[in-house]
$ cat protein-v6.txt   # compact mmCIF, N, CA and C atoms
# COMPACT_ATOMS: atom_id res chain seq x y z
N MET A 1 23.25 128.95 261.71
CA MET A 1 24.10 129.18 262.86
C MET A 1 25.29 130.01 262.42
N ASN A 2 25.88 130.74 263.33
CA ASN A 2 26.97 131.66 262.97
C ASN A 2 28.34 131.19 263.47
N PHE A 3 28.58 129.88 263.47
CA PHE A 3 29.90 129.39 263.83
C PHE A 3 30.91 129.85 262.79
N LYS A 4 32.10 130.27 263.25
CA LYS A 4 33.15 130.69 262.34
C LYS A 4 34.13 129.56 262.03
N LYS A 5 34.47 128.78 263.05
CA LYS A 5 35.41 127.68 262.87
C LYS A 5 35.46 126.89 264.17
N ILE A 6 36.14 125.76 264.15
CA ILE A 6 36.43 125.02 265.37
C ILE A 6 37.49 125.81 266.12
N HIS A 7 37.26 126.12 267.39
CA HIS A 7 38.22 126.90 268.18
C HIS A 7 39.32 126.01 268.74
N HIS A 8 38.95 124.89 269.39
CA HIS A 8 39.94 123.96 269.90
C HIS A 8 39.28 122.63 270.23
N ILE A 9 40.11 121.63 270.41
CA ILE A 9 39.67 120.31 270.82
C ILE A 9 40.29 120.04 272.19
N ALA A 10 39.48 119.64 273.16
CA ALA A 10 39.98 119.36 274.50
C ALA A 10 39.96 117.86 274.73
N ILE A 11 41.06 117.34 275.23
CA ILE A 11 41.20 115.91 275.46
C ILE A 11 41.68 115.68 276.89
N ILE A 12 41.01 114.78 277.59
CA ILE A 12 41.47 114.37 278.92
C ILE A 12 42.16 113.03 278.75
N CYS A 13 43.38 112.97 279.21
CA CYS A 13 44.17 111.75 279.02
C CYS A 13 44.27 110.96 280.32
N SER A 14 44.61 109.69 280.19
CA SER A 14 44.77 108.85 281.37
C SER A 14 46.20 108.89 281.91
N ASP A 15 47.17 109.20 281.04
CA ASP A 15 48.58 109.28 281.43
C ASP A 15 49.17 110.54 280.80
N TYR A 16 49.31 111.59 281.59
CA TYR A 16 49.74 112.91 281.08
C TYR A 16 51.10 112.84 280.38
N ASP A 17 52.09 112.26 281.01
CA ASP A 17 53.44 112.23 280.41
C ASP A 17 53.45 111.48 279.09
N GLN A 18 52.74 110.37 279.04
CA GLN A 18 52.67 109.58 277.81
C GLN A 18 51.96 110.36 276.71
N SER A 19 50.86 111.01 277.04
CA SER A 19 50.11 111.77 276.04
C SER A 19 50.88 113.01 275.58
N LYS A 20 51.54 113.68 276.52
CA LYS A 20 52.36 114.85 276.15
C LYS A 20 53.46 114.42 275.18
N ASP A 21 54.12 113.32 275.47
CA ASP A 21 55.17 112.80 274.60
C ASP A 21 54.59 112.48 273.21
N PHE A 22 53.44 111.85 273.18
CA PHE A 22 52.81 111.46 271.91
C PHE A 22 52.49 112.69 271.06
N TYR A 23 51.78 113.66 271.63
CA TYR A 23 51.37 114.83 270.85
C TYR A 23 52.53 115.75 270.48
N VAL A 24 53.50 115.91 271.40
CA VAL A 24 54.60 116.84 271.16
C VAL A 24 55.73 116.17 270.37
N ASN A 25 56.22 115.05 270.87
CA ASN A 25 57.40 114.44 270.27
C ASN A 25 57.11 113.51 269.10
N LYS A 26 55.95 112.88 269.10
CA LYS A 26 55.63 111.95 268.02
C LYS A 26 54.82 112.60 266.90
N LEU A 27 53.86 113.44 267.27
CA LEU A 27 53.03 114.08 266.24
C LEU A 27 53.51 115.47 265.86
N GLY A 28 54.38 116.06 266.67
CA GLY A 28 54.97 117.34 266.31
C GLY A 28 54.17 118.57 266.68
N PHE A 29 53.22 118.46 267.61
CA PHE A 29 52.51 119.65 268.06
C PHE A 29 53.45 120.54 268.85
N GLU A 30 53.22 121.83 268.78
CA GLU A 30 54.05 122.82 269.47
C GLU A 30 53.38 123.21 270.80
N ILE A 31 54.17 123.24 271.87
CA ILE A 31 53.64 123.66 273.17
C ILE A 31 53.51 125.18 273.19
N LYS A 32 52.29 125.67 273.40
CA LYS A 32 52.04 127.10 273.54
C LYS A 32 52.08 127.52 275.00
N GLN A 33 51.55 126.66 275.87
CA GLN A 33 51.48 126.97 277.29
C GLN A 33 51.20 125.68 278.07
N GLU A 34 51.86 125.56 279.21
CA GLU A 34 51.60 124.42 280.09
C GLU A 34 51.32 124.98 281.48
N ILE A 35 50.18 124.59 282.04
CA ILE A 35 49.76 125.11 283.34
C ILE A 35 49.48 123.93 284.27
N TYR A 36 50.03 123.99 285.48
CA TYR A 36 49.66 123.02 286.50
C TYR A 36 48.67 123.72 287.42
N ARG A 37 47.48 123.14 287.54
CA ARG A 37 46.43 123.72 288.38
C ARG A 37 46.40 122.94 289.69
N LYS A 38 47.10 123.48 290.70
CA LYS A 38 47.28 122.79 291.98
C LYS A 38 45.94 122.42 292.62
N GLU A 39 44.96 123.34 292.55
CA GLU A 39 43.67 123.09 293.19
C GLU A 39 42.94 121.89 292.60
N ARG A 40 43.28 121.52 291.37
CA ARG A 40 42.67 120.37 290.71
C ARG A 40 43.63 119.19 290.57
N ASP A 41 44.90 119.39 290.96
CA ASP A 41 45.94 118.39 290.73
C ASP A 41 45.91 117.99 289.26
N SER A 42 45.93 119.00 288.39
CA SER A 42 45.68 118.80 286.98
C SER A 42 46.61 119.65 286.12
N TYR A 43 47.03 119.07 285.00
CA TYR A 43 47.78 119.83 284.00
C TYR A 43 46.86 120.25 282.87
N LYS A 44 47.18 121.39 282.27
CA LYS A 44 46.52 121.86 281.05
C LYS A 44 47.64 122.24 280.10
N LEU A 45 47.73 121.53 278.99
CA LEU A 45 48.77 121.75 278.00
C LEU A 45 48.12 122.27 276.73
N ASP A 46 48.45 123.49 276.32
CA ASP A 46 47.92 124.09 275.11
C ASP A 46 48.86 123.78 273.96
N LEU A 47 48.34 123.17 272.92
CA LEU A 47 49.14 122.72 271.78
C LEU A 47 48.70 123.38 270.49
N ALA A 48 49.67 123.65 269.63
CA ALA A 48 49.40 124.27 268.33
C ALA A 48 49.88 123.35 267.22
N LEU A 49 49.22 123.49 266.09
CA LEU A 49 49.60 122.79 264.87
C LEU A 49 49.82 123.85 263.80
N ASN A 50 51.02 123.89 263.24
CA ASN A 50 51.37 124.91 262.25
C ASN A 50 51.11 126.32 262.78
N GLY A 51 51.41 126.52 264.05
CA GLY A 51 51.24 127.84 264.66
C GLY A 51 49.84 128.15 265.12
N GLU A 52 48.88 127.28 264.81
CA GLU A 52 47.48 127.53 265.20
C GLU A 52 47.11 126.67 266.40
N TYR A 53 46.63 127.32 267.45
CA TYR A 53 46.21 126.64 268.68
C TYR A 53 45.04 125.72 268.36
N VAL A 54 45.20 124.41 268.68
CA VAL A 54 44.14 123.47 268.33
C VAL A 54 43.73 122.50 269.43
N ILE A 55 44.63 122.17 270.37
CA ILE A 55 44.31 121.15 271.36
C ILE A 55 44.63 121.63 272.77
N GLU A 56 43.70 121.35 273.69
CA GLU A 56 43.95 121.47 275.13
C GLU A 56 44.05 120.04 275.64
N LEU A 57 45.20 119.69 276.20
CA LEU A 57 45.38 118.36 276.76
C LEU A 57 45.33 118.48 278.27
N PHE A 58 44.40 117.77 278.89
CA PHE A 58 44.18 117.84 280.33
C PHE A 58 44.54 116.52 281.00
N SER A 59 44.94 116.62 282.26
CA SER A 59 45.05 115.44 283.12
C SER A 59 44.18 115.72 284.34
N PHE A 60 43.44 114.73 284.78
CA PHE A 60 42.66 114.81 286.00
C PHE A 60 42.86 113.52 286.77
N PRO A 61 43.12 113.60 288.07
CA PRO A 61 43.29 112.36 288.83
C PRO A 61 41.98 111.58 288.87
N ASP A 62 42.08 110.29 288.64
CA ASP A 62 40.93 109.38 288.73
C ASP A 62 39.77 109.77 287.81
N ALA A 63 40.08 110.28 286.62
CA ALA A 63 39.01 110.61 285.67
C ALA A 63 38.31 109.33 285.22
N PRO A 64 36.99 109.33 285.23
CA PRO A 64 36.27 108.12 284.80
C PRO A 64 36.45 107.89 283.30
N ALA A 65 36.47 106.65 282.90
CA ALA A 65 36.64 106.28 281.50
C ALA A 65 35.30 106.31 280.78
N ARG A 66 34.72 107.51 280.65
CA ARG A 66 33.42 107.68 280.01
C ARG A 66 33.52 108.87 279.08
N PRO A 67 33.30 108.71 277.78
CA PRO A 67 33.57 109.78 276.83
C PRO A 67 32.60 110.96 276.84
N SER A 68 31.45 110.86 277.47
CA SER A 68 30.49 111.95 277.35
C SER A 68 30.54 112.97 278.48
N TYR A 69 31.04 112.59 279.65
CA TYR A 69 31.07 113.53 280.77
C TYR A 69 32.25 114.48 280.63
N PRO A 70 32.11 115.78 280.89
CA PRO A 70 33.19 116.73 280.63
C PRO A 70 34.52 116.45 281.33
N GLU A 71 34.55 115.74 282.43
CA GLU A 71 35.81 115.48 283.12
C GLU A 71 36.27 114.04 282.96
N ALA A 72 35.82 113.35 281.91
CA ALA A 72 36.18 111.96 281.68
C ALA A 72 37.33 111.85 280.68
N GLN A 73 37.96 110.67 280.63
CA GLN A 73 39.01 110.44 279.65
C GLN A 73 38.43 110.46 278.25
N GLY A 74 39.25 110.85 277.29
CA GLY A 74 38.82 110.89 275.91
C GLY A 74 38.44 112.30 275.50
N LEU A 75 37.60 112.42 274.49
CA LEU A 75 37.18 113.73 274.00
C LEU A 75 36.42 114.47 275.09
N ARG A 76 36.88 115.64 275.48
CA ARG A 76 36.22 116.41 276.53
C ARG A 76 35.06 117.21 275.95
N HIS A 77 35.33 117.98 274.93
CA HIS A 77 34.28 118.74 274.26
C HIS A 77 34.79 119.25 272.92
N LEU A 78 33.90 119.69 272.10
CA LEU A 78 34.21 120.32 270.83
C LEU A 78 33.81 121.78 270.97
N ALA A 79 34.70 122.71 270.65
CA ALA A 79 34.42 124.13 270.85
C ALA A 79 34.30 124.85 269.52
N PHE A 80 33.27 125.70 269.43
CA PHE A 80 33.04 126.51 268.24
C PHE A 80 33.31 127.97 268.58
N GLU A 81 34.08 128.64 267.73
CA GLU A 81 34.34 130.06 267.93
C GLU A 81 33.19 130.88 267.37
N VAL A 82 32.72 131.85 268.15
CA VAL A 82 31.66 132.75 267.72
C VAL A 82 32.07 134.18 268.02
N GLU A 83 31.51 135.13 267.28
CA GLU A 83 31.83 136.54 267.52
C GLU A 83 31.04 137.11 268.69
N ASP A 84 29.76 136.74 268.79
CA ASP A 84 28.89 137.29 269.83
C ASP A 84 28.21 136.13 270.55
N ILE A 85 28.68 135.84 271.74
CA ILE A 85 28.18 134.65 272.45
C ILE A 85 26.72 134.80 272.86
N GLU A 86 26.31 136.00 273.24
CA GLU A 86 24.91 136.19 273.64
C GLU A 86 23.97 135.98 272.46
N GLU A 87 24.35 136.48 271.29
CA GLU A 87 23.54 136.27 270.09
C GLU A 87 23.47 134.77 269.78
N SER A 88 24.60 134.09 269.89
CA SER A 88 24.64 132.66 269.60
C SER A 88 23.82 131.84 270.58
N VAL A 89 23.87 132.20 271.86
CA VAL A 89 23.03 131.54 272.86
C VAL A 89 21.55 131.76 272.50
N GLY A 90 21.22 132.96 272.09
CA GLY A 90 19.84 133.25 271.69
C GLY A 90 19.39 132.39 270.52
N LEU A 91 20.26 132.21 269.55
CA LEU A 91 19.92 131.38 268.40
C LEU A 91 19.70 129.92 268.81
N LEU A 92 20.54 129.42 269.72
CA LEU A 92 20.34 128.06 270.20
C LEU A 92 19.05 127.93 271.00
N THR A 93 18.78 128.92 271.85
CA THR A 93 17.57 128.92 272.65
C THR A 93 16.33 128.89 271.76
N GLU A 94 16.37 129.66 270.68
CA GLU A 94 15.25 129.67 269.72
C GLU A 94 15.01 128.29 269.12
N LYS A 95 16.04 127.49 269.04
CA LYS A 95 15.93 126.15 268.48
C LYS A 95 15.65 125.09 269.55
N GLY A 96 15.41 125.55 270.80
CA GLY A 96 15.10 124.62 271.88
C GLY A 96 16.32 123.96 272.50
N ILE A 97 17.51 124.53 272.27
CA ILE A 97 18.74 123.97 272.83
C ILE A 97 19.15 124.79 274.05
N GLU A 98 19.24 124.11 275.19
CA GLU A 98 19.62 124.79 276.43
C GLU A 98 21.13 124.94 276.51
N THR A 99 21.57 126.05 277.09
CA THR A 99 22.99 126.27 277.33
C THR A 99 23.21 126.51 278.82
N GLU A 100 24.45 126.30 279.24
CA GLU A 100 24.82 126.65 280.60
C GLU A 100 24.95 128.17 280.70
N GLU A 101 25.11 128.66 281.90
CA GLU A 101 25.35 130.09 282.12
C GLU A 101 26.68 130.48 281.45
N ILE A 102 26.73 131.66 280.87
CA ILE A 102 27.96 132.16 280.26
C ILE A 102 28.99 132.41 281.36
N ARG A 103 30.19 131.87 281.13
CA ARG A 103 31.28 132.03 282.09
C ARG A 103 32.44 132.78 281.45
N ILE A 104 33.44 133.12 282.26
CA ILE A 104 34.64 133.79 281.75
C ILE A 104 35.85 132.91 282.06
N ASP A 105 36.64 132.63 281.02
CA ASP A 105 37.86 131.83 281.17
C ASP A 105 38.86 132.61 282.02
N PRO A 106 39.34 132.02 283.14
CA PRO A 106 40.24 132.75 284.03
C PRO A 106 41.61 133.06 283.43
N TYR A 107 41.99 132.39 282.36
CA TYR A 107 43.30 132.61 281.76
C TYR A 107 43.24 133.57 280.56
N THR A 108 42.18 133.46 279.75
CA THR A 108 42.09 134.30 278.55
C THR A 108 41.13 135.47 278.73
N HIS A 109 40.29 135.39 279.75
CA HIS A 109 39.26 136.40 280.03
C HIS A 109 38.21 136.49 278.92
N LYS A 110 38.06 135.42 278.16
CA LYS A 110 37.04 135.34 277.11
C LYS A 110 35.79 134.65 277.67
N ARG A 111 34.64 134.98 277.08
CA ARG A 111 33.38 134.38 277.52
C ARG A 111 33.11 133.08 276.77
N PHE A 112 32.49 132.12 277.49
CA PHE A 112 32.17 130.82 276.89
C PHE A 112 30.98 130.21 277.60
N THR A 113 30.40 129.23 276.94
CA THR A 113 29.32 128.45 277.53
C THR A 113 29.29 127.07 276.89
N PHE A 114 28.58 126.17 277.52
CA PHE A 114 28.46 124.80 277.02
C PHE A 114 27.00 124.46 276.74
N PHE A 115 26.83 123.53 275.80
CA PHE A 115 25.56 122.89 275.52
C PHE A 115 25.87 121.47 275.10
N GLU A 116 24.85 120.65 274.87
CA GLU A 116 25.09 119.25 274.55
C GLU A 116 24.46 118.87 273.23
N ASP A 117 25.06 117.87 272.58
CA ASP A 117 24.43 117.29 271.40
C ASP A 117 23.39 116.26 271.88
N PRO A 118 22.65 115.65 271.00
CA PRO A 118 21.60 114.71 271.43
C PRO A 118 22.11 113.53 272.26
N ASP A 119 23.38 113.17 272.11
CA ASP A 119 23.94 112.06 272.88
C ASP A 119 24.63 112.52 274.16
N GLY A 120 24.57 113.81 274.46
CA GLY A 120 25.18 114.31 275.67
C GLY A 120 26.63 114.75 275.53
N LEU A 121 27.17 114.74 274.29
CA LEU A 121 28.54 115.20 274.08
C LEU A 121 28.61 116.70 274.37
N PRO A 122 29.50 117.12 275.26
CA PRO A 122 29.61 118.54 275.58
C PRO A 122 30.15 119.34 274.40
N LEU A 123 29.45 120.40 274.05
CA LEU A 123 29.86 121.32 273.00
C LEU A 123 29.99 122.70 273.62
N GLU A 124 30.98 123.44 273.18
CA GLU A 124 31.28 124.75 273.74
C GLU A 124 31.19 125.83 272.67
N MET A 125 30.72 127.00 273.06
CA MET A 125 30.83 128.19 272.23
C MET A 125 31.78 129.12 272.96
N TYR A 126 32.78 129.60 272.23
CA TYR A 126 33.85 130.42 272.79
C TYR A 126 33.91 131.72 272.01
N GLU A 127 33.76 132.82 272.69
CA GLU A 127 33.69 134.12 272.03
C GLU A 127 35.08 134.58 271.58
N SER A 128 35.16 135.04 270.33
CA SER A 128 36.46 135.49 269.81
C SER A 128 36.76 136.92 270.21

$ encode --input "protein-v6.txt" --output "structure tokens"
Amino acid sequence: MNFKKIHHIAIICSDYDQSKDFYVNKLGFEIKQEIYRKERDSYKLDLALNGEYVIELFSFPDAPARPSYPEAQGLRHLAFEVEDIEESVGLLTEKGIETEEIRIDPYTHKRFTFFEDPDGLPLEMYES
């Protein structure tokens, strides 16, 4: 596989203010960007560690407490950075791993897609 590194970790929290305080004020993560998405009644907080973007902290109203579904509390997904997303999708397809349709991130304009591990944990490939 041609993964270069972990791109980011996405976490959906049950209490946004408490989690923001924990990651920023207690653990020392740096806020890179905070977005309120009115259509979802949701916050997205981009956090960096030592200047490197590593965590997306999300809030969703009434998120179910189930770790495997993408909009549930806890680990949302693990993202791998790749140089060529179409090539990477092809490599996964050759191994019998299905991926979702390639999408474009509305904020970064980068291409990405999701697939699952054997237990249903959402995994993402994000084009650099």

$ atom_distance --input "protein-v6.txt" --atom1 "CA of Asp41 in chain A" --atom2 "atom N of Phe60 in chain A"
7.4 Å

$ axis_aligned_box --input "protein-v6.txt" --around "range 81-97 of chain A" --padding-each-side "8 Å" --output "lines of an AutoDock Vina configuration file"
center_x = 24.7
center_y = 130.6
center_z = 270.7
size_x = 35.3
size_y = 29.3
size_z = 22.8

$ atom_distance --input "protein-v6.txt" --atom1 "atom N of Glu86 in chain A" --atom2 "CA of His109 in chain A"
14.6 Å

$ select_by_dssp --input "protein-v6.txt" --residues "chain A" --states "alpha helix (DSSP H)" --output "number ranges by chain"
A: 16-20, 85-94

$ atom_distance --input "protein-v6.txt" --atom1 "CA of Lys110 in chain A" --atom2 "atom N of Lys4 in chain A"
15.6 Å

$ closest_residue --input "protein-v6.txt" --among "A:Arg40, A:Glu87, A:Ile6, A:Asp15" --to "Val54 in chain A" --atoms "all atoms listed in the file"
A:Ile6

$ residues_around --input "protein-v6.txt" --residues "range 18-32 of chain A" --least-positions-apart "5" --cutoff "6 Å" --atoms "only C-alpha atoms" --output "list in words"
Asp46, Leu47, Ala48 and Leu49 of chain A

$ residues_near_point --input "protein-v6.txt" --point "(41.1, 129.0, 264.8)" --cutoff "7 Å" --atoms "only N, CA and C atoms" --output "PyMOL selection string"
chain A and resi 5-8+52-53

$ closest_residue --input "protein-v6.txt" --among "A:Ile102, A:Ile97, A:Met1, A:Ala65" --to "Asp117 in chain A" --atoms "only C-alpha atoms"
A:Ile97

$ select_by_dssp --input "protein-v6.txt" --residues "chain A" --states "strand (DSSP E or B)" --output "PyMOL selection string"
chain A and resi 5-13+30-37+42-49+52-59+74-82+103-104+111-116+122-127

$ residues_around --input "protein-v6.txt" --residues "Ile12 in chain A" --least-positions-apart "6" --cutoff "8 Å" --atoms "only N, CA and C atoms" --output "list in words"
Glu56, Leu57, Phe58, Ser59, Phe60, Ala63, Pro70, Glu71, Ala72, Gln73, Gly74, Leu75, Arg76 and His77 of chain A

$ closest_residue --input "protein-v6.txt" --among "A:Ile11, A:Thr99, A:Ser128, A:Val89" --to "Glu116 in chain A" --atoms "only C-alpha atoms"
A:Thr99

$ residues_near_point --input "protein-v6.txt" --point "(28.2, 130.3, 263.4)" --cutoff "8 Å" --atoms "all atoms listed in the file" --output "MDAnalysis selection string"
chainID A and resid 1:5 80:83 88

$ closest_residue --input "protein-v6.txt" --among "A:Asp84, A:Glu34, A:Glu98, A:Asp62" --to "Tyr126 in chain A" --atoms "only C-alpha atoms"
A:Asp84

$ residues_around --input "protein-v6.txt" --residues "Leu123 in chain A" --least-positions-apart "5" --cutoff "5 Å" --atoms "all atoms listed in the file" --output "list in words"
Leu78, Phe114, Phe115 and Glu116 of chain A

$ build_atoms --input "protein-v6.txt" --residues "range 96-107 of chain A" --atoms "N, CA, C and O atoms" --output "PDB file, keeping the file's coordinate frame"
ATOM      1  N   GLY A  96      15.410 125.550 270.800  1.00  0.00           N
ATOM      2  CA  GLY A  96      15.100 124.620 271.880  1.00  0.00           C
ATOM      3  C   GLY A  96      16.320 123.960 272.500  1.00  0.00           C
ATOM      4  O   GLY A  96      16.194 122.947 273.190  1.00  0.00           O
ATOM      5  N   ILE A  97      17.510 124.530 272.270  1.00  0.00           N
ATOM      6  CA  ILE A  97      18.740 123.970 272.830  1.00  0.00           C
ATOM      7  C   ILE A  97      19.150 124.790 274.050  1.00  0.00           C
ATOM      8  O   ILE A  97      19.343 125.992 273.957  1.00  0.00           O
ATOM      9  N   GLU A  98      19.240 124.110 275.190  1.00  0.00           N
ATOM     10  CA  GLU A  98      19.620 124.790 276.430  1.00  0.00           C
ATOM     11  C   GLU A  98      21.130 124.940 276.510  1.00  0.00           C
ATOM     12  O   GLU A  98      21.875 124.064 276.065  1.00  0.00           O
ATOM     13  N   THR A  99      21.570 126.050 277.090  1.00  0.00           N
ATOM     14  CA  THR A  99      22.990 126.270 277.330  1.00  0.00           C
ATOM     15  C   THR A  99      23.210 126.510 278.820  1.00  0.00           C
ATOM     16  O   THR A  99      22.287 126.886 279.538  1.00  0.00           O
ATOM     17  N   GLU A 100      24.450 126.300 279.240  1.00  0.00           N
ATOM     18  CA  GLU A 100      24.820 126.650 280.600  1.00  0.00           C
ATOM     19  C   GLU A 100      24.950 128.170 280.700  1.00  0.00           C
ATOM     20  O   GLU A 100      24.930 128.874 279.689  1.00  0.00           O
ATOM     21  N   GLU A 101      25.110 128.660 281.900  1.00  0.00           N
ATOM     22  CA  GLU A 101      25.350 130.090 282.120  1.00  0.00           C
ATOM     23  C   GLU A 101      26.680 130.480 281.450  1.00  0.00           C
ATOM     24  O   GLU A 101      27.631 129.714 281.441  1.00  0.00           O
ATOM     25  N   ILE A 102      26.730 131.660 280.870  1.00  0.00           N
ATOM     26  CA  ILE A 102      27.960 132.160 280.260  1.00  0.00           C
ATOM     27  C   ILE A 102      28.990 132.410 281.360  1.00  0.00           C
ATOM     28  O   ILE A 102      28.682 133.028 282.371  1.00  0.00           O
ATOM     29  N   ARG A 103      30.190 131.870 281.130  1.00  0.00           N
ATOM     30  CA  ARG A 103      31.280 132.030 282.090  1.00  0.00           C
ATOM     31  C   ARG A 103      32.440 132.780 281.450  1.00  0.00           C
ATOM     32  O   ARG A 103      32.448 132.990 280.239  1.00  0.00           O
ATOM     33  N   ILE A 104      33.440 133.120 282.260  1.00  0.00           N
ATOM     34  CA  ILE A 104      34.640 133.790 281.750  1.00  0.00           C
ATOM     35  C   ILE A 104      35.850 132.910 282.060  1.00  0.00           C
ATOM     36  O   ILE A 104      36.060 132.498 283.199  1.00  0.00           O
ATOM     37  N   ASP A 105      36.640 132.630 281.020  1.00  0.00           N
ATOM     38  CA  ASP A 105      37.860 131.830 281.170  1.00  0.00           C
ATOM     39  C   ASP A 105      38.860 132.610 282.020  1.00  0.00           C
ATOM     40  O   ASP A 105      39.194 133.748 281.708  1.00  0.00           O
ATOM     41  N   PRO A 106      39.340 132.020 283.140  1.00  0.00           N
ATOM     42  CA  PRO A 106      40.240 132.750 284.030  1.00  0.00           C
ATOM     43  C   PRO A 106      41.610 133.060 283.430  1.00  0.00           C
ATOM     44  O   PRO A 106      42.316 133.925 283.940  1.00  0.00           O
ATOM     45  N   TYR A 107      41.990 132.390 282.360  1.00  0.00           N
ATOM     46  CA  TYR A 107      43.300 132.610 281.760  1.00  0.00           C
ATOM     47  C   TYR A 107      43.240 133.570 280.560  1.00  0.00           C
ATOM     48  O   TYR A 107      44.131 134.379 280.372  1.00  0.00           O
TER      49      TYR A 107
END
